[in-house]
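Report on one structure; see the data block that follows.
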Amino acid sequence: MRQGINPSKTDNRIQLESTHRVILSVYIPNLEEEYFKHAEKVFKLCLESVLYTSHDKTRISIIINGCCKEVEQLIYSYKEDYPLIDQVFYTKENLGKINAIYSIVKSNLEPLVTISDSDVLFLKDWQDETYAVFENFPEAGMVSPVPSSKGYLYSTGSTLYYGLFKGKIRFRDVQDPEGMDNFQKKVSAQNFTIPFTFKSIWSFPILKIEKP
């Protein structure tokens, strides 16, 4: 039988040391099929690139979204060795990327959240460059490192209306048209995913980015 008062009722403050949450969704059901043959090695490169380029106020969540045993064991071994990985979510069946990620996004309080697939290579200073965009464009809600010439037309009606109303929408010529064409040829909407960082609902209306 319980005695006394639950301590959490007298002190319900949440102390959060981290400022940036990175969420990696991993779906590698086997290592035999041609498509997944090298997926484990690619995922290791992805995970290590996040670990080696992220500051110490970063926390990493990994979703085991219907993975084979080899990948499951790999993820848990990394969690034991790297304190930045503080959450591992397991689902036996593949829930789909959106459903799996949503469950983590709504349960964390960091002011910045980065969502990525397990085949993205994070480069040095990626966080500083992301923060610089948010600081220079304080009304931005999301930042992606990948150019998209027509991305401004996708689910951005309210943003376009706001920009037109305030006279803040401008267009300029692409600095490297050949590079943009080559990029478009190299990737396709079918097999290429875009990582992005966004402000969580807890950070609005004002986000002050504290660098470590």
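Starting from 1 in every chain, residues are counted up; chains themselves are A, B, ... following the order of the structure tokens, and ligands are numbered from 1 as listed.
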
Per DSSP on the backbone, what are the alpha helix (DSSP H) residues of segment 43-168 of chain A, as JSON, numbers by chain? {"A": [43, 44, 45, 46, 47, 48, 49, 50, 51, 52, 53, 69, 70, 71, 72, 73, 74, 75, 76, 77, 78, 79, 80, 81, 97, 98, 99, 100, 101, 102, 103, 104, 105, 126, 127, 128, 129, 130, 131, 132, 133, 134, 135, 136, 157, 158, 159, 160, 161, 162, 163, 164, 165, 166]}

Mind the document's chain letters and residue numbers, and return as number ranges by chain the residues of segment 9-207 of chain A that DSSP labels strand (DSSP E). A: 20-26, 58-65, 85-91, 112-117, 142-143, 196-199

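Among the candidates A:Lys97, A:His20, A:Lys37, A:Lys44, the one nearest to Asp56 of chain A when counting only C-alpha atoms is A:His20.
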
Neighbour list for segment 62-65 of chain A as a list in words, cut-off 6 Å, only C-alpha atoms, skip fewer than 3 positions in-chain: Ile23, Leu24, Ser25, Val26, Tyr27, Val88, Phe89, Tyr90, Thr91 and Asn94 of chain A

Using 9 Å as the limit and counting only C-alpha atoms, can you tabulate each residue of segment 25-100 of chain A that touches segment 116-130 of chain A, with its shortest atom-to-atom distance in Å and the two atoms involved, as a tab-separated table?
residue	atom	partner	partner_atom	distance
A:Ser25	CA	A:Asp117	CA	5.3
A:Val26	CA	A:Ser118	CA	5.5
A:Tyr27	CA	A:Ser118	CA	8.0
A:Ala39	CA	A:Asp119	CA	7.9
A:Val42	CA	A:Asp119	CA	5.8
A:Phe43	CA	A:Ser118	CA	5.2
A:Lys44	CA	A:Ser118	CA	8.5
A:Leu45	CA	A:Leu121	CA	6.9
A:Cys46	CA	A:Leu121	CA	5.0
A:Leu47	CA	A:Ser118	CA	7.4
A:Glu48	CA	A:Phe122	CA	8.8
A:Ser49	CA	A:Phe122	CA	5.2
A:Val50	CA	A:Phe122	CA	5.7
A:Tyr52	CA	A:Lys124	CA	8.3
A:Thr53	CA	A:Lys124	CA	5.4
A:Ser54	CA	A:Gln127	CA	7.1
A:His55	CA	A:Gln127	CA	8.2
A:Lys97	CA	A:Asp117	CA	8.8

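Residues within 8 Å of Leu16 of chain A, counting only C-alpha atoms and excluding same-chain residues fewer than 2 positions away, are A:Ile14, A:Ser18, A:Thr19, A:Leu109, A:Glu110.
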
To one decimal place in Å, what is the distance between atom CA of Tyr131 of chain A and atom CA of Val143 of chain A?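 Taking atom CA of Tyr131 of chain A as the start and atom CA of Val143 of chain A as the end point, the length is 9.0 Å.
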
Grab the atom CA of Leu160 of chain A to atom CA of Gly141 of chain A distance for me, in Å with one decimal place.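 Spanning atom CA of Leu160 of chain A to atom CA of Gly141 of chain A is a straight-line distance of 13.6 Å.
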
Grab the atom CA of His38 of chain A to atom CA of Tyr78 of chain A distance for me, in Å with one decimal place.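 Between atom CA of His38 of chain A and atom CA of Tyr78 of chain A the gap works out to 18.5 Å.
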